[in-house]
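K.L.:
Structure incoming, see below.
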Amino acid sequence: MNSYHLDHLQHLETEAIHLMREVAGEFERPALLFSGGKDSICLLRLAEKAFRPSDLPMPLLNVDTGHHFPELNEFRDRRARQLGAKLIIRTVEDAIAQGIATPSPGEISRNRLQIPTLLAAIEEFRFDCCIGGARRDEEKARAKERFFSFRDSFGQWDPKNQRPEIWNLYNGRLNPGENMRVFPISNWTEMDVWEYIQREQLEVPAIYFSHRRKCVRRGGQWLPVNALVPPKPAEEVRDLVVRVRTIGDIISTGCVESPATTTSDIIAEIAAARVTERGSRADDKASEAAMEDRKKAGYF
Amino acid sequence: MNVPVDILRFNTCGSVDDGKSTLIGRLLYDSKSLMEDQIEALERSAAITGGGQINLANLTDGLRAEREQGITIDVAYRYFATPRRKFIIADTPGHVQYTRNMVTGASSANLSIILVDARAGVIEQSRRHTAIASLLRIPHLVVAVNKMDLVGWSEQRFLEIRAQFEEFLPRLDIKDVKFIPLSALNGDNVVEPSAHTPWYVGPTLLGHLETVHIASDWNLTGFRLPVQWVNRPHNPTDPALHDFRGFSGQIAGGIVRAGQKIIALPAGIVTTVKQIWTYDGPVQEAFCPQSVTLVLEHDIDISRGSMLIGTDHLPGASTQLQAEVCWMHPRALQSGRKYLLKHTTHTVQVAVTDIVSKLNLATLEPELAPAELAVNDIGEIRLRAAQPLVFDGYATNRLTGSFILIEPNTNATVAAGMLLPPAEIVKPENGDYVI
């Protein structure tokens, strides 16, 4: 191995920095979607690597579903302050109040309601590009999406009509009203994300690590008991030592029993894992094409 | 725990029913890269639609439209790792009309797997895919002769197919080709060696993927840095940053060292690298494909689209370009049409002045002066650019020798282009920078 060699994380990093800078070079009004979750934590570090010593040339944007874990929001706000970045938050509650989003009865998560909220924020700030932390290994529909994912003026993704992406040449040209979603960590796996968090010594919200929590057994998962998830009379409730592997809506994010208290523990746990990350998200189990349908409607 | 040392990117191509998706499913399944919920999902759809038989192809045929039609309609990316390597797979479909997707999936690949049905042997699609792999200069090729179980594991049949390939391979520019007999459906020679092929002494497919030498796939001669973004802090709180002016980009070739002379193009001005700035601190040298920010000795006019180069192994610079293109759009290319050409970080207007030839994929011979290039055609064209391009021949450098064409107004990406070697190299006439 000569000295002019990049290991797999360095390869993924330089690819992602290149994508970030292409966004800064080609778009007028980009935004970076930052939730405080582990994938977008990596995105922020990559943005620092791409743009320092300058300020980040884009604000952070978060769509708050009102079903977020409070630990996540606290972390999100703190991290944005540390970076000196502008953080824009738009809430699903407000979108419902304004009639932009309309919940249907019995809807389990607010994933669908995020869509009109996000699209309204894009319109409000006239963002022409949103950088997101989606990864192709997460889900089948994501596996088919480009780095530069073109969205029409309704925010829709057309999987059959994507722009070819050749070498590292990305076509970011848009007509008015159209939008680009850019996913710099498309090629990263869950393992890469944790290895990167470890290498860069990135702070992550405490709920990723093992802690004691009251959980209720529902739909084959342990859901965290909270104001939005009250246990029903016949349901089994237990005090467990758990962590979350992926953070979504608080009413559908399953906790996994785990003793992992450090990033190294988590890496060891993933190496031995027998289910995928999204196996703990009820929203993706709704149907085999759940994500495909959401993305076609404008989901990130 | 073993940490994989590097990444191998590969793509798979073959025609419909050659078993590409099954092969990928088999690689994932046998290398234990599948998780219980993925296997569960397979079983769920097997119970509903497959009469109880698990279909490994369902792992990659992700979209509803694909499952309904039983085909792969776009490039799907898959990831797996063994203790030796991390793999990124681009699963590219074999239908004639999706050649553009194969080009997409293959352009950044270290290796291409061409699948051949042992019963059918070499068909036009096999030639087409091999020709594209050669055109894209993918360093390594594997011909996976699949469905060997259906020809009774016949060594003779395997050798016949190999001979069919060797008939046209000399006309293509491929350095490293490996032939492997296998059955993706049953897993023979995919991850585990097969008991059915005692006459085959080579590695299994995974064994080959884990060991093929890829360290020299990047270009390390001739420094090139296409400037992506000018890094100039606004109102910095740190006074040391008041005059900071850096040029950020991904090194597209060669090595750069602090203190060395470089030339800024198209200005043609020579200056010195004062510092190689990175977030993790300044470094003494950096190489392709690292992303860096260069601080230069002199304050010269450089912006996105400029190219910083070393003083030896000079590139070409011209408004007259000649290239091989793969046409990707239903609206055919005719001579005289105008497009936007994106090369590295530089987008420029071009006119197609001439269609020199079109590649006949049955004979692999060029047909001279065709009327047009239709979708999925490959041909050689001449272009005239509104500003000079600083470039290398694609054979020398994949990153500074490639471009895409974009149709104005619709913004569709209509072609992938590979530049032929420049007729003239850059002559830096201005000499050293003088204030």
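Residue numbering restarts at 1 for every chain of the structure tokens, chains are lettered A, B, ... in their displayed order, and ligands are numbered from 1 as they appear.
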Once DSSP has gone over the backbone, tell me which residues of region 18-157 of chain A are in strand (DSSP E or B), as number ranges by chain.
P.N.:
A: 30-33, 60-64, 87-91, 129-131, 148-151
K.L.:
Using only C-alpha atoms, find the residues of chain B whose closest atom to chain A is at most 6 Å away, then write them as a VMD selection string.
P.N.:
chain B and resid 5 to 7 35 to 37 62 75 to 77 104 107 to 108 229 233 279 290 to 291 411
K.L.:
Write out as a list in words the residues lying within 10 Å of Arg171 (chain B), counting only C-alpha atoms and excluding same-chain residues fewer than 2 positions away.
P.N.:
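The neighbour list is Ala131, Ser134, Glu166, Glu167, Phe168, Leu169, Asp173, Ile174, Leu364 and Glu365 of chain B.
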K.L.:
Can you tell me, as a ChimeraX atom specification, what residues are no more than 7 Å from region 241-247 of chain A when counting only C-alpha atoms, ignoring any on the same chain fewer than 2 positions away?
P.N.:
/A:37,207-213,249,253-259,277
K.L.:
In Å, how far is it from CA of Ser183 (chain B) to CA of Phe165 (chain B)?
P.N.:
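CA of Ser183 (chain B) sits 19.3 Å away from CA of Phe165 (chain B).
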K.L.:
Which residues are near Ala332 (chain B)? Cut-off 9 Å, only C-alpha atoms, ignore same chain within fewer than 4 positions. Put them as an MDAnalysis selection string.
P.N.:
chainID B and resid 327:328 372:375
K.L.:
May I have all residues of region 24-266 of chain A that DSSP, computed from the backbone, assigns to alpha helix (DSSP H), given as a PDB file with N, CA and C atoms, in the first residue's frame?
P.N.:
```
ATOM      1  N   ALA A  24     -22.739  24.441  -3.775  1.00  0.00           N
ATOM      2  CA  ALA A  24     -22.408  25.842  -3.524  1.00  0.00           C
ATOM      3  C   ALA A  24     -22.063  26.557  -4.830  1.00  0.00           C
ATOM      4  N   GLY A  25     -21.452  25.836  -5.761  1.00  0.00           N
ATOM      5  CA  GLY A  25     -21.034  26.446  -7.023  1.00  0.00           C
ATOM      6  C   GLY A  25     -22.157  26.626  -8.020  1.00  0.00           C
ATOM      7  N   GLU A  26     -23.186  25.761  -7.956  1.00  0.00           N
ATOM      8  CA  GLU A  26     -24.190  25.758  -9.029  1.00  0.00           C
ATOM      9  C   GLU A  26     -25.546  26.326  -8.632  1.00  0.00           C
ATOM     10  N   LYS A  38     -28.143  11.114  13.151  1.00  0.00           N
ATOM     11  CA  LYS A  38     -26.741  10.787  12.906  1.00  0.00           C
ATOM     12  C   LYS A  38     -26.288  11.069  11.474  1.00  0.00           C
ATOM     13  N   ASP A  39     -27.192  10.857  10.484  1.00  0.00           N
ATOM     14  CA  ASP A  39     -26.790  11.083   9.096  1.00  0.00           C
ATOM     15  C   ASP A  39     -26.561  12.568   8.833  1.00  0.00           C
ATOM     16  N   SER A  40     -27.469  13.402   9.357  1.00  0.00           N
ATOM     17  CA  SER A  40     -27.282  14.830   9.097  1.00  0.00           C
ATOM     18  C   SER A  40     -26.170  15.415   9.965  1.00  0.00           C
ATOM     19  N   ILE A  41     -25.813  14.738  11.049  1.00  0.00           N
ATOM     20  CA  ILE A  41     -24.636  15.158  11.826  1.00  0.00           C
ATOM     21  C   ILE A  41     -23.375  14.984  10.966  1.00  0.00           C
ATOM     22  N   CYS A  42     -23.325  13.872  10.233  1.00  0.00           N
ATOM     23  CA  CYS A  42     -22.207  13.667   9.306  1.00  0.00           C
ATOM     24  C   CYS A  42     -22.210  14.731   8.209  1.00  0.00           C
ATOM     25  N   LEU A  43     -23.415  15.030   7.691  1.00  0.00           N
ATOM     26  CA  LEU A  43     -23.524  16.060   6.647  1.00  0.00           C
ATOM     27  C   LEU A  43     -22.912  17.378   7.111  1.00  0.00           C
ATOM     28  N   LEU A  44     -23.204  17.756   8.348  1.00  0.00           N
ATOM     29  CA  LEU A  44     -22.703  19.032   8.859  1.00  0.00           C
ATOM     30  C   LEU A  44     -21.184  19.034   8.933  1.00  0.00           C
ATOM     31  N   ARG A  45     -20.600  17.919   9.380  1.00  0.00           N
ATOM     32  CA  ARG A  45     -19.141  17.865   9.420  1.00  0.00           C
ATOM     33  C   ARG A  45     -18.582  17.963   7.996  1.00  0.00           C
ATOM     34  N   LEU A  46     -19.232  17.303   7.049  1.00  0.00           N
ATOM     35  CA  LEU A  46     -18.775  17.371   5.658  1.00  0.00           C
ATOM     36  C   LEU A  46     -18.886  18.794   5.121  1.00  0.00           C
ATOM     37  N   ALA A  47     -19.946  19.506   5.542  1.00  0.00           N
ATOM     38  CA  ALA A  47     -20.099  20.901   5.117  1.00  0.00           C
ATOM     39  C   ALA A  47     -18.961  21.739   5.692  1.00  0.00           C
ATOM     40  N   GLU A  48     -18.606  21.480   6.953  1.00  0.00           N
ATOM     41  CA  GLU A  48     -17.468  22.206   7.536  1.00  0.00           C
ATOM     42  C   GLU A  48     -16.205  21.932   6.729  1.00  0.00           C
ATOM     43  N   LYS A  49     -16.012  20.651   6.366  1.00  0.00           N
ATOM     44  CA  LYS A  49     -14.806  20.293   5.615  1.00  0.00           C
ATOM     45  C   LYS A  49     -14.818  20.928   4.225  1.00  0.00           C
ATOM     46  N   ALA A  50     -16.007  21.082   3.658  1.00  0.00           N
ATOM     47  CA  ALA A  50     -16.103  21.636   2.304  1.00  0.00           C
ATOM     48  C   ALA A  50     -15.904  23.148   2.297  1.00  0.00           C
ATOM     49  N   PHE A  51     -16.361  23.847   3.342  1.00  0.00           N
ATOM     50  CA  PHE A  51     -16.466  25.305   3.238  1.00  0.00           C
ATOM     51  C   PHE A  51     -15.621  26.107   4.217  1.00  0.00           C
ATOM     52  N   PRO A  70     -37.595  15.012  22.075  1.00  0.00           N
ATOM     53  CA  PRO A  70     -37.119  16.309  22.587  1.00  0.00           C
ATOM     54  C   PRO A  70     -35.592  16.397  22.623  1.00  0.00           C
ATOM     55  N   GLU A  71     -34.924  15.238  22.890  1.00  0.00           N
ATOM     56  CA  GLU A  71     -33.461  15.230  22.938  1.00  0.00           C
ATOM     57  C   GLU A  71     -32.874  15.642  21.591  1.00  0.00           C
ATOM     58  N   LEU A  72     -33.591  15.282  20.534  1.00  0.00           N
ATOM     59  CA  LEU A  72     -33.104  15.553  19.190  1.00  0.00           C
ATOM     60  C   LEU A  72     -33.178  17.048  18.884  1.00  0.00           C
ATOM     61  N   ASN A  73     -34.291  17.665  19.251  1.00  0.00           N
ATOM     62  CA  ASN A  73     -34.459  19.096  18.989  1.00  0.00           C
ATOM     63  C   ASN A  73     -33.462  19.931  19.787  1.00  0.00           C
ATOM     64  N   GLU A  74     -33.244  19.502  21.032  1.00  0.00           N
ATOM     65  CA  GLU A  74     -32.275  20.221  21.875  1.00  0.00           C
ATOM     66  C   GLU A  74     -30.890  20.157  21.214  1.00  0.00           C
ATOM     67  N   PHE A  75     -30.539  18.972  20.746  1.00  0.00           N
ATOM     68  CA  PHE A  75     -29.235  18.789  20.099  1.00  0.00           C
ATOM     69  C   PHE A  75     -29.133  19.616  18.811  1.00  0.00           C
ATOM     70  N   ARG A  76     -30.201  19.568  18.014  1.00  0.00           N
ATOM     71  CA  ARG A  76     -30.260  20.307  16.744  1.00  0.00           C
ATOM     72  C   ARG A  76     -29.963  21.792  16.966  1.00  0.00           C
ATOM     73  N   ASP A  77     -30.660  22.381  17.940  1.00  0.00           N
ATOM     74  CA  ASP A  77     -30.518  23.818  18.194  1.00  0.00           C
ATOM     75  C   ASP A  77     -29.105  24.154  18.685  1.00  0.00           C
ATOM     76  N   ARG A  78     -28.590  23.294  19.562  1.00  0.00           N
ATOM     77  CA  ARG A  78     -27.273  23.542  20.132  1.00  0.00           C
ATOM     78  C   ARG A  78     -26.191  23.443  19.058  1.00  0.00           C
ATOM     79  N   ARG A  79     -26.299  22.420  18.225  1.00  0.00           N
ATOM     80  CA  ARG A  79     -25.287  22.199  17.185  1.00  0.00           C
ATOM     81  C   ARG A  79     -25.279  23.360  16.181  1.00  0.00           C
ATOM     82  N   ALA A  80     -26.450  23.831  15.820  1.00  0.00           N
ATOM     83  CA  ALA A  80     -26.540  24.954  14.875  1.00  0.00           C
ATOM     84  C   ALA A  80     -25.872  26.190  15.479  1.00  0.00           C
ATOM     85  N   ARG A  81     -26.112  26.414  16.797  1.00  0.00           N
ATOM     86  CA  ARG A  81     -25.499  27.562  17.479  1.00  0.00           C
ATOM     87  C   ARG A  81     -23.974  27.446  17.475  1.00  0.00           C
ATOM     88  N   GLN A  82     -23.476  26.233  17.805  1.00  0.00           N
ATOM     89  CA  GLN A  82     -22.025  26.017  17.834  1.00  0.00           C
ATOM     90  C   GLN A  82     -21.377  26.353  16.499  1.00  0.00           C
ATOM     91  N   LEU A  83     -22.078  26.020  15.424  1.00  0.00           N
ATOM     92  CA  LEU A  83     -21.504  26.222  14.095  1.00  0.00           C
ATOM     93  C   LEU A  83     -21.688  27.649  13.597  1.00  0.00           C
ATOM     94  N   VAL A  92     -44.967  21.134  11.307  1.00  0.00           N
ATOM     95  CA  VAL A  92     -46.167  20.515  10.744  1.00  0.00           C
ATOM     96  C   VAL A  92     -47.415  21.105  11.406  1.00  0.00           C
ATOM     97  N   GLU A  93     -47.300  21.419  12.723  1.00  0.00           N
ATOM     98  CA  GLU A  93     -48.444  22.024  13.428  1.00  0.00           C
ATOM     99  C   GLU A  93     -48.917  23.288  12.716  1.00  0.00           C
ATOM    100  N   ASP A  94     -47.943  24.182  12.417  1.00  0.00           N
ATOM    101  CA  ASP A  94     -48.286  25.425  11.718  1.00  0.00           C
ATOM    102  C   ASP A  94     -48.878  25.134  10.342  1.00  0.00           C
ATOM    103  N   ALA A  95     -48.278  24.142   9.663  1.00  0.00           N
ATOM    104  CA  ALA A  95     -48.761  23.811   8.316  1.00  0.00           C
ATOM    105  C   ALA A  95     -50.203  23.308   8.373  1.00  0.00           C
ATOM    106  N   ILE A  96     -50.529  22.544   9.444  1.00  0.00           N
ATOM    107  CA  ILE A  96     -51.907  22.068   9.606  1.00  0.00           C
ATOM    108  C   ILE A  96     -52.822  23.267   9.882  1.00  0.00           C
ATOM    109  N   ALA A  97     -52.359  24.161  10.789  1.00  0.00           N
ATOM    110  CA  ALA A  97     -53.160  25.335  11.147  1.00  0.00           C
ATOM    111  C   ALA A  97     -53.442  26.215   9.926  1.00  0.00           C
ATOM    112  N   ASN A 111     -44.874  11.470   8.614  1.00  0.00           N
ATOM    113  CA  ASN A 111     -44.021  11.500   7.429  1.00  0.00           C
ATOM    114  C   ASN A 111     -44.710  12.170   6.253  1.00  0.00           C
ATOM    115  N   ARG A 112     -45.987  11.785   6.030  1.00  0.00           N
ATOM    116  CA  ARG A 112     -46.706  12.302   4.878  1.00  0.00           C
ATOM    117  C   ARG A 112     -46.945  13.799   5.028  1.00  0.00           C
ATOM    118  N   LEU A 113     -47.203  14.231   6.273  1.00  0.00           N
ATOM    119  CA  LEU A 113     -47.494  15.645   6.517  1.00  0.00           C
ATOM    120  C   LEU A 113     -46.238  16.510   6.443  1.00  0.00           C
ATOM    121  N   GLN A 114     -45.066  15.850   6.546  1.00  0.00           N
ATOM    122  CA  GLN A 114     -43.813  16.584   6.361  1.00  0.00           C
ATOM    123  C   GLN A 114     -43.712  17.105   4.938  1.00  0.00           C
ATOM    124  N   ILE A 115     -44.297  16.353   3.987  1.00  0.00           N
ATOM    125  CA  ILE A 115     -44.103  16.677   2.573  1.00  0.00           C
ATOM    126  C   ILE A 115     -44.623  18.079   2.238  1.00  0.00           C
ATOM    127  N   PRO A 116     -45.939  18.362   2.484  1.00  0.00           N
ATOM    128  CA  PRO A 116     -46.403  19.720   2.163  1.00  0.00           C
ATOM    129  C   PRO A 116     -45.702  20.791   2.986  1.00  0.00           C
ATOM    130  N   THR A 117     -45.289  20.440   4.200  1.00  0.00           N
ATOM    131  CA  THR A 117     -44.596  21.416   5.053  1.00  0.00           C
ATOM    132  C   THR A 117     -43.246  21.784   4.448  1.00  0.00           C
ATOM    133  N   LEU A 118     -42.521  20.754   4.001  1.00  0.00           N
ATOM    134  CA  LEU A 118     -41.223  20.986   3.365  1.00  0.00           C
ATOM    135  C   LEU A 118     -41.393  21.787   2.070  1.00  0.00           C
ATOM    136  N   LEU A 119     -42.370  21.381   1.254  1.00  0.00           N
ATOM    137  CA  LEU A 119     -42.572  22.072  -0.031  1.00  0.00           C
ATOM    138  C   LEU A 119     -42.939  23.542   0.189  1.00  0.00           C
ATOM    139  N   ALA A 120     -43.729  23.805   1.233  1.00  0.00           N
ATOM    140  CA  ALA A 120     -44.109  25.186   1.526  1.00  0.00           C
ATOM    141  C   ALA A 120     -42.884  25.987   1.972  1.00  0.00           C
ATOM    142  N   ALA A 121     -41.987  25.360   2.749  1.00  0.00           N
ATOM    143  CA  ALA A 121     -40.770  26.051   3.187  1.00  0.00           C
ATOM    144  C   ALA A 121     -39.869  26.358   1.988  1.00  0.00           C
ATOM    145  N   ILE A 122     -39.794  25.399   1.058  1.00  0.00           N
ATOM    146  CA  ILE A 122     -38.988  25.610  -0.150  1.00  0.00           C
ATOM    147  C   ILE A 122     -39.524  26.804  -0.933  1.00  0.00           C
ATOM    148  N   GLU A 123     -40.853  26.890  -1.001  1.00  0.00           N
ATOM    149  CA  GLU A 123     -41.469  27.994  -1.734  1.00  0.00           C
ATOM    150  C   GLU A 123     -41.251  29.314  -1.003  1.00  0.00           C
ATOM    151  N   GLU A 124     -41.450  29.277   0.318  1.00  0.00           N
ATOM    152  CA  GLU A 124     -41.312  30.497   1.124  1.00  0.00           C
ATOM    153  C   GLU A 124     -39.919  31.125   0.969  1.00  0.00           C
ATOM    154  N   PHE A 125     -38.881  30.297   1.037  1.00  0.00           N
ATOM    155  CA  PHE A 125     -37.523  30.836   0.988  1.00  0.00           C
ATOM    156  C   PHE A 125     -36.931  30.754  -0.423  1.00  0.00           C
ATOM    157  N   GLU A 190     -24.894   2.361   6.938  1.00  0.00           N
ATOM    158  CA  GLU A 190     -25.051   2.669   8.363  1.00  0.00           C
ATOM    159  C   GLU A 190     -23.707   2.521   9.080  1.00  0.00           C
ATOM    160  N   MET A 191     -22.954   1.485   8.699  1.00  0.00           N
ATOM    161  CA  MET A 191     -21.649   1.253   9.321  1.00  0.00           C
ATOM    162  C   MET A 191     -20.687   2.393   9.031  1.00  0.00           C
ATOM    163  N   ASP A 192     -20.672   2.859   7.773  1.00  0.00           N
ATOM    164  CA  ASP A 192     -19.779   3.973   7.418  1.00  0.00           C
ATOM    165  C   ASP A 192     -20.086   5.199   8.273  1.00  0.00           C
ATOM    166  N   VAL A 193     -21.387   5.468   8.472  1.00  0.00           N
ATOM    167  CA  VAL A 193     -21.798   6.640   9.244  1.00  0.00           C
ATOM    168  C   VAL A 193     -21.225   6.563  10.656  1.00  0.00           C
ATOM    169  N   TRP A 194     -21.355   5.398  11.287  1.00  0.00           N
ATOM    170  CA  TRP A 194     -20.834   5.267  12.656  1.00  0.00           C
ATOM    171  C   TRP A 194     -19.317   5.289  12.708  1.00  0.00           C
ATOM    172  N   GLU A 195     -18.699   4.684  11.707  1.00  0.00           N
ATOM    173  CA  GLU A 195     -17.227   4.732  11.677  1.00  0.00           C
ATOM    174  C   GLU A 195     -16.742   6.168  11.496  1.00  0.00           C
ATOM    175  N   TYR A 196     -17.491   6.930  10.705  1.00  0.00           N
ATOM    176  CA  TYR A 196     -17.118   8.328  10.486  1.00  0.00           C
ATOM    177  C   TYR A 196     -17.332   9.147  11.763  1.00  0.00           C
ATOM    178  N   ILE A 197     -18.439   8.883  12.439  1.00  0.00           N
ATOM    179  CA  ILE A 197     -18.714   9.564  13.713  1.00  0.00           C
ATOM    180  C   ILE A 197     -17.589   9.284  14.700  1.00  0.00           C
ATOM    181  N   GLN A 198     -17.118   8.045  14.671  1.00  0.00           N
ATOM    182  CA  GLN A 198     -16.019   7.700  15.575  1.00  0.00           C
ATOM    183  C   GLN A 198     -14.717   8.380  15.152  1.00  0.00           C
ATOM    184  N   ARG A 199     -14.396   8.308  13.862  1.00  0.00           N
ATOM    185  CA  ARG A 199     -13.136   8.892  13.400  1.00  0.00           C
ATOM    186  C   ARG A 199     -13.108  10.402  13.657  1.00  0.00           C
ATOM    187  N   THR A 263     -19.577   4.816  20.948  1.00  0.00           N
ATOM    188  CA  THR A 263     -19.601   4.640  19.498  1.00  0.00           C
ATOM    189  C   THR A 263     -18.991   3.286  19.114  1.00  0.00           C
ATOM    190  N   SER A 264     -17.933   2.891  19.786  1.00  0.00           N
ATOM    191  CA  SER A 264     -17.313   1.583  19.488  1.00  0.00           C
ATOM    192  C   SER A 264     -18.289   0.442  19.753  1.00  0.00           C
ATOM    193  N   ASP A 265     -19.050   0.557  20.850  1.00  0.00           N
ATOM    194  CA  ASP A 265     -20.053  -0.483  21.144  1.00  0.00           C
ATOM    195  C   ASP A 265     -21.075  -0.562  20.013  1.00  0.00           C
ATOM    196  N   ILE A 266     -21.475   0.630  19.518  1.00  0.00           N
ATOM    197  CA  ILE A 266     -22.486   0.650  18.458  1.00  0.00           C
ATOM    198  C   ILE A 266     -21.935   0.008  17.190  1.00  0.00           C
TER     199      ILE A 266
END
```
K.L.:
So how far away is CA of Phe391 (chain B) from CA of Lys338 (chain B), in Å?
P.N.:
20.2 Å
K.L.:
Counting only C-alpha atoms, which residue out of B:His242, B:His343, B:Arg157, B:His298 sits closest to Leu389 (chain B)?
P.N.:
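Closest to Leu389 (chain B), using only C-alpha atoms: B:His343.
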K.L.:
Leaving out region 257-265 of chain B and any residue of its chain fewer than 4 positions from it, which residues lie within 10 Å of it when counting only C-alpha atoms, given as a ChimeraX atom specification?
P.N.:
/B:223-227,269-277,282-287,294-297,300-302,305-312,314,317,389-390,426,428,430-433
K.L.:
Of the candidates B:Thr293, B:Thr410, B:Ser335, B:Thr319, which shows the shortest atom-to-atom distance to Arg245 (chain B), using only C-alpha atoms?
P.N.:
B:Thr293
K.L.:
Report, in Å with one decimal, the straight-line distance from CA of Gln320 (chain B) to CA of Ala385 (chain B).
P.N.:
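Result for CA of Gln320 (chain B) versus CA of Ala385 (chain B): 6.5 Å, one decimal.
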K.L.:
Which residue, B:Pro388, B:Pro236, B:Pro421, B:Pro370, has the smallest gap to Leu341 (chain B) when you use only C-alpha atoms?
P.N.:
B:Pro388
